[in-house]
>>> print(open('upload_25.txt').read())   # compact mmCIF, C-alpha atoms and all ligand atoms
# COMPACT_ATOMS: atom_id res chain seq x y z
CA MET A 19 0.00 0.00 0.00
CA PRO A 20 1.45 3.43 -0.86
CA ALA A 21 1.88 5.68 2.17
CA SER A 22 -0.74 8.37 2.54
CA SER A 23 0.51 11.60 0.97
CA SER A 24 -1.56 14.04 3.00
CA LYS A 25 -0.48 17.61 2.56
CA ILE A 26 -1.16 20.97 4.20
CA ARG A 27 -3.17 23.15 1.84
CA SER A 28 -3.73 26.89 2.10
CA VAL A 29 -7.47 27.21 1.61
CA LEU A 30 -9.06 30.52 0.73
CA ILE A 31 -11.81 31.16 3.27
CA GLY A 32 -12.76 34.81 2.75
CA THR A 33 -12.12 37.94 0.72
CA GLY A 34 -12.60 41.65 1.28
CA ALA A 35 -12.07 44.88 -0.60
CA TYR A 36 -11.94 48.59 -0.17
CA LEU A 37 -12.03 51.25 -2.86
CA PRO A 38 -11.74 54.96 -2.03
CA GLN A 39 -14.93 56.91 -2.56
CA ARG A 40 -13.54 59.36 -5.10
CA ILE A 41 -13.97 58.13 -8.68
CA LEU A 42 -11.92 59.83 -11.39
CA THR A 43 -13.35 59.26 -14.87
CA ASN A 44 -11.37 59.31 -18.10
CA ARG A 45 -13.27 62.39 -19.16
CA GLU A 46 -12.22 64.34 -16.04
CA LEU A 47 -8.64 63.18 -16.45
CA ALA A 48 -8.50 63.95 -20.15
CA ALA A 49 -9.73 67.50 -19.54
CA SER A 50 -6.25 68.45 -18.32
CA LEU A 51 -4.24 66.11 -20.59
CA ASP A 52 -3.67 65.69 -24.32
CA SER A 53 -5.79 62.52 -24.23
CA SER A 54 -9.42 61.39 -24.53
CA ASP A 55 -11.91 58.98 -23.01
CA GLU A 56 -11.99 57.15 -26.34
CA TRP A 57 -8.19 56.71 -26.55
CA ILE A 58 -7.95 55.44 -22.97
CA ARG A 59 -10.83 52.98 -23.40
CA GLN A 60 -9.57 51.67 -26.73
CA ARG A 61 -5.93 51.22 -25.73
CA THR A 62 -6.45 50.04 -22.14
CA GLY A 63 -10.11 49.11 -21.47
CA ILE A 64 -10.09 51.54 -18.51
CA SER A 65 -13.05 53.89 -18.03
CA GLN A 66 -12.46 55.11 -14.46
CA ARG A 67 -10.29 54.64 -11.38
CA HIS A 68 -10.65 55.29 -7.62
CA VAL A 69 -8.32 57.81 -5.99
CA SER A 70 -7.65 58.07 -2.25
CA SER A 71 -8.17 61.34 -0.40
CA ASP A 72 -5.06 63.02 1.01
CA SER A 73 -5.86 61.67 4.47
CA GLU A 74 -6.42 58.02 3.42
CA THR A 75 -3.31 55.97 4.08
CA THR A 76 -2.42 52.58 2.63
CA THR A 77 -2.89 51.25 6.17
CA ASP A 78 -6.48 52.59 6.16
CA LEU A 79 -7.26 50.91 2.83
CA ALA A 80 -5.67 47.63 3.88
CA THR A 81 -7.40 47.59 7.28
CA ARG A 82 -10.85 48.13 5.75
CA ALA A 83 -10.31 45.33 3.22
CA ALA A 84 -8.98 43.07 6.00
CA LYS A 85 -12.00 43.64 8.25
CA GLN A 86 -14.38 42.73 5.43
CA ALA A 87 -12.37 39.58 4.65
CA MET A 88 -12.58 38.56 8.32
CA VAL A 89 -16.37 38.96 8.30
CA ASN A 90 -16.65 36.97 5.07
CA ALA A 91 -14.38 34.24 6.47
CA GLY A 92 -16.50 34.05 9.64
CA ILE A 93 -13.52 34.96 11.84
CA ARG A 94 -14.85 36.50 15.05
CA ASP A 95 -11.67 36.12 17.07
CA PRO A 96 -9.01 38.16 15.22
CA SER A 97 -6.18 36.51 17.15
CA GLN A 98 -6.86 33.42 15.01
CA ILE A 99 -5.00 35.31 12.28
CA ASP A 100 -1.33 34.66 13.02
CA LEU A 101 0.28 36.00 9.84
CA VAL A 102 -0.36 39.28 8.01
CA ILE A 103 1.38 40.06 4.72
CA VAL A 104 0.73 43.34 2.96
CA ALA A 105 1.92 43.44 -0.63
CA THR A 106 2.44 47.11 -1.41
CA THR A 107 4.60 49.47 -3.42
CA THR A 108 3.21 52.44 -1.54
CA PRO A 109 3.51 51.64 2.20
CA THR A 110 2.18 54.26 4.62
CA ASP A 111 5.67 54.79 6.06
CA VAL A 112 9.15 53.65 5.06
CA PHE A 113 8.97 51.81 8.37
CA PRO A 114 7.38 50.22 10.30
CA ALA A 115 5.71 47.90 7.82
CA THR A 116 2.10 48.67 6.89
CA ALA A 117 1.36 45.05 7.79
CA THR A 118 2.30 45.51 11.46
CA MET A 119 -0.08 48.47 11.66
CA VAL A 120 -2.87 46.37 10.11
CA GLN A 121 -2.04 43.54 12.54
CA HIS A 122 -2.44 46.02 15.42
CA PHE A 123 -5.68 47.60 14.13
CA ILE A 124 -7.46 44.29 13.54
CA GLY A 125 -6.05 42.53 16.63
CA ALA A 126 -4.22 39.73 14.83
CA SER A 127 -1.54 37.67 16.59
CA GLY A 128 1.67 36.12 15.23
CA PHE A 129 3.83 38.14 12.86
CA ALA A 130 3.40 40.62 10.04
CA PHE A 131 5.53 42.06 7.24
CA ASP A 132 5.30 43.93 3.94
CA LEU A 133 6.31 42.44 0.64
CA GLN A 134 7.38 44.49 -2.36
CA ALA A 135 7.07 43.03 -5.84
CA VAL A 136 5.01 45.86 -7.36
CA CYS A 137 2.15 44.53 -9.50
CA SER A 138 3.16 40.90 -8.82
CA GLY A 139 3.07 41.59 -5.08
CA PHE A 140 -0.15 39.72 -4.36
CA VAL A 141 0.93 36.56 -6.21
CA TYR A 142 4.27 36.70 -4.40
CA ALA A 143 2.56 37.26 -1.02
CA LEU A 144 0.12 34.42 -1.59
CA SER A 145 2.95 32.07 -2.49
CA VAL A 146 5.01 33.11 0.57
CA ALA A 147 1.95 32.72 2.83
CA ASP A 148 1.39 29.25 1.37
CA SER A 149 4.99 28.28 2.20
CA LEU A 150 4.67 29.60 5.75
CA LEU A 151 1.42 27.70 6.31
CA GLN A 152 2.93 24.54 4.88
CA SER A 153 5.98 24.86 7.12
CA GLY A 154 3.75 25.24 10.17
CA SER A 155 4.97 28.78 10.97
CA ALA A 156 1.37 30.02 10.88
CA LYS A 157 -2.14 28.58 10.58
CA THR A 158 -4.28 31.44 9.26
CA ALA A 159 -2.85 34.13 7.00
CA LEU A 160 -4.28 37.44 5.96
CA VAL A 161 -2.81 38.36 2.57
CA ILE A 162 -3.50 41.91 1.44
CA GLY A 163 -2.67 43.90 -1.66
CA ALA A 164 -3.02 47.62 -0.88
CA GLU A 165 -1.90 50.62 -2.88
CA ASN A 166 -2.12 54.37 -2.97
CA PHE A 167 -0.46 54.06 -6.35
CA THR A 168 -1.77 57.35 -7.74
CA ARG A 169 0.62 59.13 -5.34
CA LEU A 170 3.47 57.91 -7.54
CA LEU A 171 1.99 59.39 -10.72
CA ASP A 172 3.10 62.33 -12.79
CA TRP A 173 -0.33 63.70 -13.70
CA THR A 174 1.16 65.43 -16.74
CA ASP A 175 2.50 62.16 -18.25
CA ARG A 176 -0.36 60.80 -20.34
CA GLY A 177 1.53 57.57 -21.01
CA THR A 178 1.31 56.52 -17.33
CA CYS A 179 -1.20 58.60 -15.35
CA VAL A 180 -4.26 57.21 -17.15
CA LEU A 181 -3.37 53.65 -16.22
CA PHE A 182 -3.42 53.45 -12.42
CA GLY A 183 -5.79 53.66 -9.44
CA ASP A 184 -5.92 53.13 -5.66
CA GLY A 185 -7.54 50.39 -3.58
CA ALA A 186 -7.03 47.31 -1.42
CA GLY A 187 -8.09 43.68 -1.56
CA ALA A 188 -7.61 41.01 1.09
CA VAL A 189 -7.87 37.24 1.28
CA ILE A 190 -7.66 34.92 4.25
CA VAL A 191 -6.06 31.52 3.76
CA ARG A 192 -6.16 28.78 6.37
CA ALA A 193 -4.01 25.66 6.69
CA GLU A 194 -6.14 22.56 6.19
CA ALA A 195 -5.20 18.92 5.66
CA GLY A 196 -5.59 17.83 2.05
CA LYS A 197 -5.14 14.50 0.32
CA GLY A 198 -2.24 15.77 -1.74
CA ASP A 199 -4.00 15.59 -5.09
CA GLN A 200 -5.73 18.07 -7.37
CA SER A 201 -9.12 17.54 -5.82
CA ASP A 202 -7.85 19.35 -2.69
CA ARG A 203 -9.11 22.82 -2.01
CA GLY A 204 -6.33 25.39 -1.67
CA ILE A 205 -3.25 26.65 -3.45
CA LEU A 206 -2.17 23.72 -5.63
CA THR A 207 0.95 25.28 -7.14
CA SER A 208 2.71 28.61 -7.60
CA PHE A 209 5.71 29.89 -9.56
CA LEU A 210 7.62 33.14 -9.07
CA HIS A 211 10.24 34.83 -11.26
CA SER A 212 12.15 38.10 -11.46
CA ASP A 213 14.72 39.72 -13.71
CA GLY A 214 16.39 42.90 -12.47
CA SER A 215 18.06 43.54 -15.83
CA LEU A 216 14.66 44.87 -16.96
CA ARG A 217 14.50 47.50 -14.20
CA ASP A 218 14.60 50.46 -16.56
CA ILE A 219 11.35 49.77 -18.40
CA LEU A 220 9.20 50.35 -15.28
CA TYR A 221 10.47 52.11 -12.17
CA THR A 222 10.44 55.10 -9.87
CA ASP A 223 13.76 56.67 -8.95
CA GLY A 224 14.64 56.91 -5.28
CA SER A 225 14.21 60.65 -4.80
CA PRO A 226 11.46 62.16 -2.62
CA GLY A 227 8.37 62.67 -4.75
CA ALA A 228 9.56 60.03 -7.22
CA ARG A 229 7.21 59.35 -10.11
CA VAL A 230 6.54 56.28 -12.25
CA LYS A 231 8.53 56.01 -15.47
CA MET A 232 7.58 53.41 -18.02
CA GLU A 233 8.28 52.21 -21.53
CA GLY A 234 4.72 51.09 -22.18
CA LYS A 235 5.31 49.07 -25.34
CA GLU A 236 8.20 47.10 -23.83
CA VAL A 237 6.23 46.38 -20.64
CA PHE A 238 3.31 45.25 -22.76
CA ARG A 239 5.52 42.86 -24.74
CA HIS A 240 7.16 41.36 -21.64
CA ALA A 241 3.80 41.10 -19.87
CA THR A 242 2.22 38.98 -22.60
CA GLU A 243 5.31 36.78 -23.08
CA LYS A 244 6.19 36.22 -19.43
CA MET A 245 2.69 35.75 -18.04
CA ALA A 246 1.93 33.25 -20.80
CA ALA A 247 5.11 31.33 -19.92
CA VAL A 248 4.49 31.29 -16.16
CA ALA A 249 0.84 30.32 -16.71
CA GLU A 250 1.99 27.37 -18.80
CA GLU A 251 4.59 26.46 -16.17
CA ALA A 252 1.87 26.22 -13.51
CA LEU A 253 -0.50 24.24 -15.75
CA ASP A 254 2.27 21.85 -16.84
CA SER A 255 3.27 21.18 -13.24
CA LEU A 256 -0.22 19.80 -12.62
CA GLY A 257 -0.68 18.19 -16.05
CA LEU A 258 -3.51 20.60 -16.86
CA GLN A 259 -4.54 22.75 -19.81
CA GLY A 260 -5.94 26.26 -19.82
CA SER A 261 -9.35 24.89 -20.70
CA ASP A 262 -9.38 22.96 -17.38
CA LEU A 263 -9.61 26.26 -15.51
CA ASP A 264 -12.98 27.58 -14.41
CA TRP A 265 -11.67 31.13 -14.15
CA LEU A 266 -8.62 33.22 -14.90
CA VAL A 267 -8.18 36.05 -12.37
CA PRO A 268 -5.28 38.02 -13.86
CA HIS A 269 -3.53 41.20 -12.78
CA GLN A 270 -5.59 44.05 -14.15
CA ALA A 271 -3.26 46.34 -16.10
CA ASN A 272 -4.70 46.57 -19.58
CA LEU A 273 -7.67 44.79 -21.17
CA ARG A 274 -5.60 44.03 -24.28
CA ILE A 275 -3.04 42.15 -22.15
CA ILE A 276 -5.87 40.28 -20.39
CA GLU A 277 -7.42 39.33 -23.76
CA ALA A 278 -4.07 38.08 -25.02
CA MET A 279 -3.67 35.91 -21.90
CA ALA A 280 -7.16 34.45 -22.23
CA LYS A 281 -6.45 33.60 -25.88
CA LYS A 282 -3.15 31.87 -25.00
CA LEU A 283 -4.97 29.80 -22.38
CA ASN A 284 -7.81 28.96 -24.75
CA LEU A 285 -10.32 30.59 -22.45
CA PRO A 286 -13.18 32.82 -23.60
CA LEU A 287 -13.26 36.27 -22.00
CA SER A 288 -16.45 35.13 -20.24
CA LYS A 289 -14.19 32.98 -18.02
CA VAL A 290 -11.97 35.87 -16.99
CA ILE A 291 -12.70 38.18 -14.07
CA VAL A 292 -12.19 41.71 -15.41
CA THR A 293 -12.17 44.79 -13.17
CA VAL A 294 -9.67 46.96 -15.04
CA ASP A 295 -12.52 48.96 -16.59
CA LYS A 296 -13.67 50.22 -13.17
CA HIS A 297 -10.49 50.05 -11.05
CA ALA A 298 -7.67 50.64 -13.59
CA ASN A 299 -4.33 49.14 -12.49
CA THR A 300 -4.20 49.06 -8.69
CA SER A 301 -0.85 47.22 -8.71
CA ALA A 302 -0.67 44.65 -5.87
CA ALA A 303 -4.35 45.22 -5.04
CA SER A 304 -5.74 44.30 -8.45
CA ILE A 305 -5.98 40.51 -8.06
CA PRO A 306 -7.52 40.43 -4.55
CA LEU A 307 -9.96 43.14 -5.67
CA ALA A 308 -10.90 40.97 -8.66
CA LEU A 309 -11.22 37.87 -6.44
CA HIS A 310 -13.55 39.77 -4.13
CA ALA A 311 -15.61 41.02 -7.08
CA GLY A 312 -15.94 37.45 -8.39
CA PHE A 313 -17.03 36.03 -5.01
CA SER A 314 -19.40 38.92 -4.33
CA ASP A 315 -21.38 38.49 -7.53
CA GLY A 316 -21.40 34.68 -7.30
CA ARG A 317 -19.18 33.87 -10.28
CA LEU A 318 -16.46 32.37 -8.08
CA LYS A 319 -17.59 29.38 -6.03
CA PRO A 320 -15.98 26.80 -3.75
CA GLY A 321 -14.59 23.85 -5.69
CA GLN A 322 -13.73 25.80 -8.83
CA LEU A 323 -10.23 25.79 -10.29
CA ILE A 324 -8.74 29.23 -10.91
CA MET A 325 -5.43 30.75 -11.96
CA VAL A 326 -4.01 34.05 -10.78
CA GLU A 327 -1.09 35.60 -12.68
CA ALA A 328 0.73 38.91 -12.70
CA LEU A 329 3.71 40.86 -13.96
CA GLY A 330 5.13 44.03 -12.45
CA GLY A 331 8.15 46.28 -12.10
CA GLY A 332 11.42 44.53 -11.39
CA LEU A 333 10.49 42.87 -13.55
CA THR A 334 8.69 40.36 -11.35
CA TRP A 335 6.10 37.84 -12.45
CA GLY A 336 4.29 34.78 -11.18
CA SER A 337 1.24 32.55 -11.23
CA ALA A 338 -0.70 30.26 -8.93
CA ILE A 339 -3.42 27.67 -9.46
CA ILE A 340 -5.97 27.49 -6.67
CA ARG A 341 -8.97 25.26 -6.04
CA LEU A 342 -11.46 27.54 -4.30
C1 LIG B 1 0.73 52.49 -22.17
C2 LIG B 1 -0.05 51.83 -23.29
C3 LIG B 1 -1.53 51.86 -23.00
C4 LIG B 1 0.20 52.62 -24.58
O1 LIG B 1 -0.49 52.00 -25.64
P1 LIG B 1 0.25 51.75 -27.03
O2 LIG B 1 -0.75 51.18 -27.91
O3 LIG B 1 1.47 50.94 -26.74
O4 LIG B 1 0.59 53.18 -27.48
P2 LIG B 1 2.03 53.80 -27.79
O5 LIG B 1 2.86 53.84 -26.54
O6 LIG B 1 2.57 53.13 -29.00
O7 LIG B 1 1.60 55.23 -28.15
C5 LIG B 1 0.88 55.52 -29.33
C6 LIG B 1 0.65 57.02 -29.34
O8 LIG B 1 -0.32 57.34 -28.33
C7 LIG B 1 0.19 58.35 -27.51
N1 LIG B 1 -0.36 58.22 -26.18
C8 LIG B 1 0.17 57.60 -25.10
N2 LIG B 1 -0.65 57.73 -24.06
C9 LIG B 1 -1.72 58.43 -24.49
C10 LIG B 1 -2.90 58.87 -23.89
N3 LIG B 1 -3.18 58.65 -22.61
N4 LIG B 1 -3.79 59.55 -24.64
C11 LIG B 1 -3.55 59.81 -25.93
N5 LIG B 1 -2.44 59.42 -26.56
C12 LIG B 1 -1.54 58.73 -25.85
C13 LIG B 1 1.68 58.18 -27.57
O9 LIG B 1 2.34 59.38 -27.20
C14 LIG B 1 1.89 57.82 -28.99
O10 LIG B 1 1.84 58.99 -29.77
P3 LIG B 1 2.87 59.21 -31.01
O11 LIG B 1 2.54 58.07 -31.94
O12 LIG B 1 2.52 60.54 -31.47
O13 LIG B 1 4.21 59.09 -30.40
C15 LIG B 1 0.40 50.37 -23.51
O14 LIG B 1 1.70 50.35 -24.04
C16 LIG B 1 0.38 49.57 -22.26
O15 LIG B 1 -0.65 49.37 -21.65
N6 LIG B 1 1.54 49.02 -21.86
C17 LIG B 1 1.61 48.19 -20.67
C18 LIG B 1 1.59 49.08 -19.48
C19 LIG B 1 1.37 48.32 -18.23
O16 LIG B 1 0.61 47.41 -18.18
N7 LIG B 1 2.08 48.74 -17.16
C20 LIG B 1 1.94 48.21 -15.88
C21 LIG B 1 2.45 46.83 -15.83
S1 LIG B 1 2.18 46.17 -14.28
>>> encode(input="upload_25.txt", output="structure tokens")
Amino acid sequence: MPASSSKIRSVLIGTGAYLPQRILTNRELAASLDSSDEWIRQRTGISQRHVSSDSETTTDLATRAAKQAMVNAGIRDPSQIDLVIVATTTPTDVFPATATMVQHFIGASGFAFDLQAVCSGFVYALSVADSLLQSGSAKTALVIGAENFTRLLDWTDRGTCVLFGDGAGAVIVRAEAGKGDQSDRGILTSFLHSDGSLRDILYTDGSPGARVKMEGKEVFRHATEKMAAVAEEALDSLGLQGSDLDWLVPHQANLRIIEAMAKKLNLPLSKVIVTVDKHANTSAASIPLALHAGFSDGRLKPGQLIMVEALGGGLTWGSAIIRL
């Protein structure tokens, strides 16, 4: 008889989101730029984005999303959460970590830290949380993507400022015993990559008031190539094909990139959660915001097989396959 191959799985038990109240439409933005609603929609799929008020910190956004995720996960005792990771490019302070502030405000126990992988931050954080749950370092992890990304924008640069927005999404994953096969609920596999030689196509310099600089076409090209490769890597590792997925929940940067990914995976756009039209690119927050949108409207359901994938500055990129 083969020995039982039971395995700890990180099972997603709740999601939450927070979007700042202020909505900035393309039309408003284009009024002070050499751009138009039509151009932005056609080239990116974006029609609006949320923008934080001056007093809203990344900690505020993350804490609100976290509290909603706790309610949705049915967690009444916050000390059950023993790991908090905040993926963010725009932490409230240089230090301490935004995550330790969130840990304090929600009353979590254990340990907390920030993780910086720009737009891939949530996929990185989910993968790191999975490793920490599997190693037994924690039992219930709160993984947040939170960004006040618009604070990094040069509002006179039409090539970047139309693309981004603010917001936060949170998921709670709990260690549960699985059988060790693909029928298990939880994170089934994840792959992470980075390549610092591509730093110059998407970055902010280190000076105070630094602003995003980007070579849009190059980022676009690398995004489609690298996310397709890392998606295939994850599928291959489980002997699956794109068509086996119930949903693709990709990083939300540009609808044309999302469409290219769906095509490579042989998935119709009706099997992709798309929020880029309403949220624009919220960097590390985009995937948890999309997950929350999918659960809230009933498209995402327990038992389904989904893929998350992202690419961001660094460059960094990664994917994970999860059974909900
Ligand atoms: C930025 C992006 C939308 C530009 O679209 P594009 O089709 O590549 O357009 P180009 O950069 O070739 O620009 C075409 C023209 O539109 C202009 N343009 C750029 N932004 C514009 C805007 N907001 N409004 C109007 N015109 C704009 C360019 O200046 C250029 O004009 P030119 O031909 O006179 O020089 C696209 O490259 C993109 O989305 N890249 C990926 C960005 C991304 O996802 N970044 C985050 C990764 S996490």
>>> closest_residue(input="upload_25.txt", among="A:Leu47, A:Ala135, A:Ala303, A:Ala159", to="A:Cys179", atoms="all atoms listed in the file")
A:Leu47
>>> residues_near_ligand(input="upload_25.txt", ligand="ligand LIG 1 (chain B)", cutoff="8 Å", atoms="only C-alpha atoms and all ligand atoms", output="VMD selection string")
chain A and resid 48 51 to 54 57 to 58 61 to 62 136 to 138 175 to 181 220 232 to 239 241 269 271 to 272 274 to 275 299 301 328 to 331
>>> closest_residue(input="upload_25.txt", among="A:Gly154, A:Pro226, A:Gly321, A:Gly187", to="A:Trp265", atoms="all atoms listed in the file")
A:Gly321
>>> closest_residue(input="upload_25.txt", among="A:Leu307, A:Ala195, A:Val230, A:Ile276", to="A:Ala80", atoms="all atoms listed in the file")
A:Leu307
>>> atom_distance(input="upload_25.txt", atom1="atom CA of A:Ala49", atom2="atom CA of A:Ser70")
19.8 Å
>>> atom_distance(input="upload_25.txt", atom1="atom CA of A:Arg217", atom2="atom CA of A:Thr77")
27.0 Å
>>> residues_around(input="upload_25.txt", residues="A:Met119", least_positions_apart="6", cutoff="12 Å", atoms="only C-alpha atoms", output="list of chain:residue names")
A:Thr75, A:Thr76, A:Thr77, A:Asp78, A:Leu79, A:Ala80, A:Thr81, A:Ala84, A:Val102, A:Ile103, A:Val104, A:Pro109, A:Thr110, A:Asp111, A:Phe113, A:Gly125, A:Ala126, A:Ser127, A:Phe129, A:Ala130, A:Phe131, A:Asp132
>>> atom_distance(input="upload_25.txt", atom1="atom CA of A:Leu37", atom2="atom CA of A:Gly185")
4.6 Å
>>> residues_near_point(input="upload_25.txt", point="(-0.9, 34.1, -11.7)", cutoff="8 Å", atoms="all atoms listed in the file", output="ChimeraX atom specification")
/A:141,208,245,248-249,267-269,325-328,335-339
>>> residues_around(input="upload_25.txt", residues="stretch 24-30 of chain A", least_positions_apart="5", cutoff="7 Å", atoms="all atoms listed in the file", output="PyMOL selection string")
chain A and resi 148+151-152+189-198+203-205+342
>>> closest_residue(input="upload_25.txt", among="A:Met88, A:Ile324, A:Val69, A:Ala302", to="A:Tyr142", atoms="all atoms listed in the file")
A:Ala302
>>> closest_residue(input="upload_25.txt", among="A:Arg67, A:His310, A:Arg59, A:Leu133", to="A:Ile41", atoms="only C-alpha atoms")
A:Arg67
>>> closest_residue(input="upload_25.txt", among="A:Leu150, A:Gln60, A:Ala115, A:His240", to="A:Ile219", atoms="all atoms listed in the file")
A:His240
>>> decode(input="upload_25.txt", residues="stretch 45-63 of chain A", atoms="N, CA and C atoms", output="PDB file, in the first residue's frame")
ATOM      1  N   ARG A  45     -12.907  61.069 -18.644  1.00  0.00           N
ATOM      2  CA  ARG A  45     -13.273  62.388 -19.162  1.00  0.00           C
ATOM      3  C   ARG A  45     -12.666  63.502 -18.294  1.00  0.00           C
ATOM      4  N   GLU A  46     -12.793  63.340 -16.964  1.00  0.00           N
ATOM      5  CA  GLU A  46     -12.220  64.338 -16.043  1.00  0.00           C
ATOM      6  C   GLU A  46     -10.703  64.421 -16.219  1.00  0.00           C
ATOM      7  N   LEU A  47     -10.095  63.246 -16.335  1.00  0.00           N
ATOM      8  CA  LEU A  47      -8.636  63.176 -16.450  1.00  0.00           C
ATOM      9  C   LEU A  47      -8.168  63.803 -17.761  1.00  0.00           C
ATOM     10  N   ALA A  48      -8.900  63.489 -18.822  1.00  0.00           N
ATOM     11  CA  ALA A  48      -8.495  63.954 -20.151  1.00  0.00           C
ATOM     12  C   ALA A  48      -8.676  65.467 -20.309  1.00  0.00           C
ATOM     13  N   ALA A  49      -9.488  66.050 -19.431  1.00  0.00           N
ATOM     14  CA  ALA A  49      -9.727  67.496 -19.540  1.00  0.00           C
ATOM     15  C   ALA A  49      -8.435  68.287 -19.338  1.00  0.00           C
ATOM     16  N   SER A  50      -7.500  67.715 -18.561  1.00  0.00           N
ATOM     17  CA  SER A  50      -6.250  68.449 -18.320  1.00  0.00           C
ATOM     18  C   SER A  50      -5.047  67.762 -18.980  1.00  0.00           C
ATOM     19  N   LEU A  51      -5.317  66.875 -19.926  1.00  0.00           N
ATOM     20  CA  LEU A  51      -4.243  66.112 -20.587  1.00  0.00           C
ATOM     21  C   LEU A  51      -4.496  66.115 -22.091  1.00  0.00           C
ATOM     22  N   ASP A  52      -3.455  65.861 -22.877  1.00  0.00           N
ATOM     23  CA  ASP A  52      -3.666  65.687 -24.317  1.00  0.00           C
ATOM     24  C   ASP A  52      -4.061  64.225 -24.543  1.00  0.00           C
ATOM     25  N   SER A  53      -5.303  63.893 -24.124  1.00  0.00           N
ATOM     26  CA  SER A  53      -5.792  62.523 -24.229  1.00  0.00           C
ATOM     27  C   SER A  53      -7.313  62.575 -24.353  1.00  0.00           C
ATOM     28  N   SER A  54      -7.953  61.405 -24.417  1.00  0.00           N
ATOM     29  CA  SER A  54      -9.417  61.394 -24.531  1.00  0.00           C
ATOM     30  C   SER A  54      -9.956  60.108 -23.913  1.00  0.00           C
ATOM     31  N   ASP A  55     -11.230  60.171 -23.527  1.00  0.00           N
ATOM     32  CA  ASP A  55     -11.907  58.984 -23.006  1.00  0.00           C
ATOM     33  C   ASP A  55     -11.792  57.845 -24.020  1.00  0.00           C
ATOM     34  N   GLU A  56     -12.010  58.178 -25.275  1.00  0.00           N
ATOM     35  CA  GLU A  56     -11.992  57.153 -26.337  1.00  0.00           C
ATOM     36  C   GLU A  56     -10.614  56.477 -26.436  1.00  0.00           C
ATOM     37  N   TRP A  57      -9.542  57.288 -26.435  1.00  0.00           N
ATOM     38  CA  TRP A  57      -8.191  56.714 -26.549  1.00  0.00           C
ATOM     39  C   TRP A  57      -7.934  55.780 -25.371  1.00  0.00           C
ATOM     40  N   ILE A  58      -8.255  56.244 -24.165  1.00  0.00           N
ATOM     41  CA  ILE A  58      -7.946  55.440 -22.966  1.00  0.00           C
ATOM     42  C   ILE A  58      -8.735  54.130 -22.995  1.00  0.00           C
ATOM     43  N   ARG A  59     -10.016  54.208 -23.338  1.00  0.00           N
ATOM     44  CA  ARG A  59     -10.828  52.982 -23.402  1.00  0.00           C
ATOM     45  C   ARG A  59     -10.293  52.012 -24.454  1.00  0.00           C
ATOM     46  N   GLN A  60     -10.011  52.553 -25.635  1.00  0.00           N
ATOM     47  CA  GLN A  60      -9.574  51.668 -26.732  1.00  0.00           C
ATOM     48  C   GLN A  60      -8.240  51.005 -26.460  1.00  0.00           C
ATOM     49  N   ARG A  61      -7.282  51.753 -25.901  1.00  0.00           N
ATOM     50  CA  ARG A  61      -5.929  51.224 -25.734  1.00  0.00           C
ATOM     51  C   ARG A  61      -5.744  50.452 -24.430  1.00  0.00           C
ATOM     52  N   THR A  62      -6.669  50.682 -23.448  1.00  0.00           N
ATOM     53  CA  THR A  62      -6.453  50.042 -22.139  1.00  0.00           C
ATOM     54  C   THR A  62      -7.683  49.318 -21.591  1.00  0.00           C
ATOM     55  N   GLY A  63      -8.872  49.679 -22.050  1.00  0.00           N
ATOM     56  CA  GLY A  63     -10.108  49.115 -21.472  1.00  0.00           C
ATOM     57  C   GLY A  63     -10.543  49.818 -20.197  1.00  0.00           C
TER      58      GLY A  63
END
